Amino acid sequence: MGFFTKSEEETTSVPPNKAKRQVCWDSRDKFFACLTENKIDNSLDAKILSKVDKQCGDLKVEFENNCVKSWVKYFQEKRFNDLVRQRYIEKLEAEGAKPLPIKLESSTRREP
Amino acid sequence: MLLNRIPVRTTILRSVLVRSQLLKSTPVFAKRCLASTLIKPQEVPKSTANESSTSPKKRPLSRVAIGGTGSAAKYASKNSVEFAAWKAVMLLLVLGGGATYYFSKEKERLRIQKEVESKRSYGKPLIGGPFNLIDDNGQPFTQENLKNDKKQFSIIYFGFTHCPDVCPDELDKLGDMLNELKSKNNIDLLPIFITCDPARDSPEIIKEYLTDFHPSIIGLTGTYEEVKKACKQYRVYFSTPQDVKPGQDYLVDHSIFFYLMDSEGNFVDVIGREADAKEGVEKIRSHIDAFIPEAEREKRKDSWLSFLYK
């Protein structure tokens, strides 16, 4: 991390505060609601990028303006991963799979 | 209940006495009845042999009520406290209920103590250890700052200020837990936030960042090497992207756990993301409740009561 100098630190390192985070999350939720409405799963997919811009373009711009760049990418990736995971769980449950009764938090509780 | 029992006993005793007196006067009967009384067969015939001639009083057996005479009943009622049955039942319920509650609580406490002790006997937990960082006022902060005599536990969280959603959620949870512990149990924890992103998170930035969550949280940072060392001690994995250009925005992957440390700086437990604030509070509270300082632990081991804690 030797390349960091004082001036660069000032331009990049101020994290969003609580209010800014909330604004970002709100615009994210609006954008994602639009994606869900238009049945778009992976908003980062280059093939459907034009569709995203056409259907939810305004909300996307707002989302990108209100959030830090790294978060914009992160939230979209996360949404897609969560969707895939959720569908996989639903598929398994439809096949009759049951969640394991294992919980990480067990050290102060008695095992059943 | 106990009060009730005493007079009953005295009447039984008296009835035995009456019987033995009778036996004294009637040696023939004595032989028959011996098996049913507690008096040793060797003693009774001796005494009867001596006294049978001296006692002039001879009463027929059938007139004496077995199990107590009229005078015995009078004696009992005069000396016993009248104790209605419902009062006895109430007393039993209250005492019994109280005792059950106390012992079940104590049992749980001992169970946690035993569990912590058994973990200790395997050797020191591999989580935690020396670190050398600076706090959000620029003052040095090491593992020694976790140690105190006030039985104040600390809770440590690793994160970074640019964290998009998980860290703020978890830190909000930490704030809730701290408030609840304070208001409900009057427990003050020492909350510590250690950054995994020392390149961007200076003491000032961390300080500013933490004001959003709880005023008592202490933020720690340091050189990249020191932070990495601290993370390693706590088995925290984190990765900063390799090819970050100056000024570029990036995220840091890191593992998310709260580490509960006791007032001797030893690792106690973790609180994961799936636990909500209420569960976390319960966990912390029970561990603090069960905590015994090392000196007392040693004393217990040497004491003759040590078997109680095994």
# chains A, B, ... in the order shown; residues from 1 in each chain; ligands from 1
>>> residues_around(residues="Lys51 in chain A", least_positions_apart="4", cutoff="12 Å", atoms="only C-alpha atoms", output="CSV table (one decimal) with N, CA and C atoms, in the first residue's frame")
chain,number,residue,atom,x,y,z
A,34,CYS,N,-37.7,-2.5,-10.2
A,34,CYS,CA,-38.0,-2.4,-11.6
A,34,CYS,C,-37.4,-3.6,-12.3
A,35,LEU,N,-36.2,-4.0,-12.0
A,35,LEU,CA,-35.6,-5.2,-12.6
A,35,LEU,C,-36.5,-6.4,-12.4
A,38,ASN,N,-39.6,-6.4,-14.6
A,38,ASN,CA,-39.3,-6.7,-16.0
A,38,ASN,C,-38.6,-8.0,-16.1
A,39,LYS,N,-38.6,-8.8,-15.1
A,39,LYS,CA,-38.0,-10.1,-15.1
A,39,LYS,C,-36.5,-10.1,-15.6
A,40,ILE,N,-35.8,-9.2,-15.1
A,40,ILE,CA,-34.3,-9.2,-15.4
A,40,ILE,C,-33.6,-9.8,-14.2
A,41,ASP,N,-32.8,-10.8,-14.5
A,41,ASP,CA,-32.1,-11.4,-13.3
A,41,ASP,C,-30.7,-10.8,-13.2
A,42,ASN,N,-30.0,-10.9,-14.2
A,42,ASN,CA,-28.6,-10.4,-14.1
A,42,ASN,C,-28.5,-9.1,-14.9
A,43,SER,N,-28.5,-8.0,-14.1
A,43,SER,CA,-28.5,-6.7,-14.7
A,43,SER,C,-27.1,-6.3,-15.3
A,44,LEU,N,-26.1,-7.1,-15.0
A,44,LEU,CA,-24.7,-6.9,-15.4
A,44,LEU,C,-24.4,-7.6,-16.7
A,45,ASP,N,-25.3,-8.5,-17.1
A,45,ASP,CA,-25.1,-9.3,-18.3
A,45,ASP,C,-25.1,-8.4,-19.6
A,46,ALA,N,-24.0,-8.5,-20.3
A,46,ALA,CA,-23.8,-7.6,-21.4
A,46,ALA,C,-24.9,-7.7,-22.5
A,47,LYS,N,-25.4,-9.0,-22.6
A,47,LYS,CA,-26.4,-9.2,-23.6
A,47,LYS,C,-27.7,-8.5,-23.4
A,55,GLN,N,-35.7,-0.3,-20.0
A,55,GLN,CA,-36.8,-0.5,-19.1
A,55,GLN,C,-36.6,0.3,-17.8
A,56,CYS,N,-35.3,0.3,-17.3
A,56,CYS,CA,-35.1,0.9,-16.0
A,56,CYS,C,-34.0,1.9,-16.0
A,57,GLY,N,-33.8,2.5,-17.2
A,57,GLY,CA,-32.6,3.4,-17.4
A,57,GLY,C,-32.5,4.5,-16.4
A,60,LYS,N,-31.6,3.3,-13.0
A,60,LYS,CA,-30.2,2.9,-13.0
A,60,LYS,C,-29.3,4.0,-12.8
>>> interface_residues(of="chain B", to="chain A", cutoff="8 Å", atoms="only C-alpha atoms", output="MDAnalysis selection string")
chainID B and resid 112 161:162 164 199:201 205 209 212 224 246:251 269 271:272 275 283 286
>>> closest_residue(among="B:Lys229, B:Lys299, B:Lys184, B:Lys151", to="Val281 in chain B", atoms="only C-alpha atoms")
B:Lys184
>>> select_by_dssp(residues="range 236-290 of chain B", states="strand (DSSP E)", output="list in words")
Phe238, Ser239, Asp253, His254, Phe258, Tyr259, Leu260, Met261, Phe267, Val268, Asp269, Val270 and Ile271 of chain B
>>> write_last_selection(atoms="N, CA and C atoms", output="mmCIF file, in the first residue's frame")
data_model
loop_
_atom_site.group_PDB
_atom_site.id
_atom_site.type_symbol
_atom_site.label_atom_id
_atom_site.label_comp_id
_atom_site.auth_asym_id
_atom_site.auth_seq_id
_atom_site.Cartn_x
_atom_site.Cartn_y
_atom_site.Cartn_z
ATOM 1 N N PHE B 238 -9.207 -11.853 5.148
ATOM 2 C CA PHE B 238 -9.606 -10.689 4.359
ATOM 3 C C PHE B 238 -8.723 -10.551 3.130
ATOM 4 N N SER B 239 -9.295 -9.997 2.082
ATOM 5 C CA SER B 239 -8.502 -9.837 0.869
ATOM 6 C C SER B 239 -8.761 -8.461 0.282
ATOM 7 N N ASP B 253 -13.047 -8.142 0.852
ATOM 8 C CA ASP B 253 -13.741 -9.334 1.340
ATOM 9 C C ASP B 253 -13.215 -9.673 2.716
ATOM 10 N N HIS B 254 -14.109 -9.978 3.596
ATOM 11 C CA HIS B 254 -13.623 -10.384 4.921
ATOM 12 C C HIS B 254 -14.658 -11.259 5.605
ATOM 13 N N PHE B 258 -18.620 -11.526 15.356
ATOM 14 C CA PHE B 258 -18.287 -10.800 16.576
ATOM 15 C C PHE B 258 -17.517 -11.756 17.466
ATOM 16 N N TYR B 259 -16.409 -11.290 18.024
ATOM 17 C CA TYR B 259 -15.645 -12.122 18.943
ATOM 18 C C TYR B 259 -15.847 -11.581 20.353
ATOM 19 N N LEU B 260 -16.347 -12.449 21.222
ATOM 20 C CA LEU B 260 -16.551 -12.049 22.608
ATOM 21 C C LEU B 260 -15.308 -12.456 23.398
ATOM 22 N N MET B 261 -14.668 -11.485 24.043
ATOM 23 C CA MET B 261 -13.448 -11.743 24.805
ATOM 24 C C MET B 261 -13.704 -11.414 26.272
ATOM 25 N N PHE B 267 -10.399 -15.484 24.459
ATOM 26 C CA PHE B 267 -11.557 -15.678 23.596
ATOM 27 C C PHE B 267 -12.637 -16.482 24.319
ATOM 28 N N VAL B 268 -13.891 -16.053 24.195
ATOM 29 C CA VAL B 268 -14.995 -16.759 24.849
ATOM 30 C C VAL B 268 -15.926 -17.403 23.834
ATOM 31 N N ASP B 269 -16.408 -16.597 22.888
ATOM 32 C CA ASP B 269 -17.385 -17.130 21.944
ATOM 33 C C ASP B 269 -17.473 -16.222 20.721
ATOM 34 N N VAL B 270 -18.147 -16.724 19.688
ATOM 35 C CA VAL B 270 -18.408 -15.872 18.530
ATOM 36 C C VAL B 270 -19.906 -15.650 18.410
ATOM 37 N N ILE B 271 -20.268 -14.541 17.791
ATOM 38 C CA ILE B 271 -21.664 -14.300 17.451
ATOM 39 C C ILE B 271 -21.703 -14.090 15.950
#
>>> atom_distance(atom1="CA of Ile292 in chain B", atom2="CA of Glu117 in chain B")
9.9 Å
>>> residues_around(residues="Asp289 in chain B", least_positions_apart="2", cutoff="12 Å", atoms="only C-alpha atoms", output="VMD selection string")
chain B and resid 105 to 106 108 to 113 151 to 153 185 187 262 281 to 287 291 to 293
>>> residues_around(residues="Gln233 in chain B", least_positions_apart="6", cutoff="7 Å", atoms="only C-alpha atoms", output="VMD selection string")
chain B and resid 127 to 129
>>> write_last_selection(atoms="C-alpha atoms", output="CSV table (one decimal), in the first residue's frame")
chain,number,residue,atom,x,y,z
B,127,ILE,CA,-8.5,-17.2,18.5
B,128,GLY,CA,-7.1,-14.0,19.8
B,129,GLY,CA,-3.6,-12.9,20.9
>>> closest_residue(among="A:Glu93, A:Asp82, A:Asp58, A:Glu77", to="Lys30 in chain A", atoms="only C-alpha atoms")
A:Asp58
>>> atom_distance(atom1="CA of Gly280 in chain B", atom2="CA of Asp26 in chain A")
27.9 Å
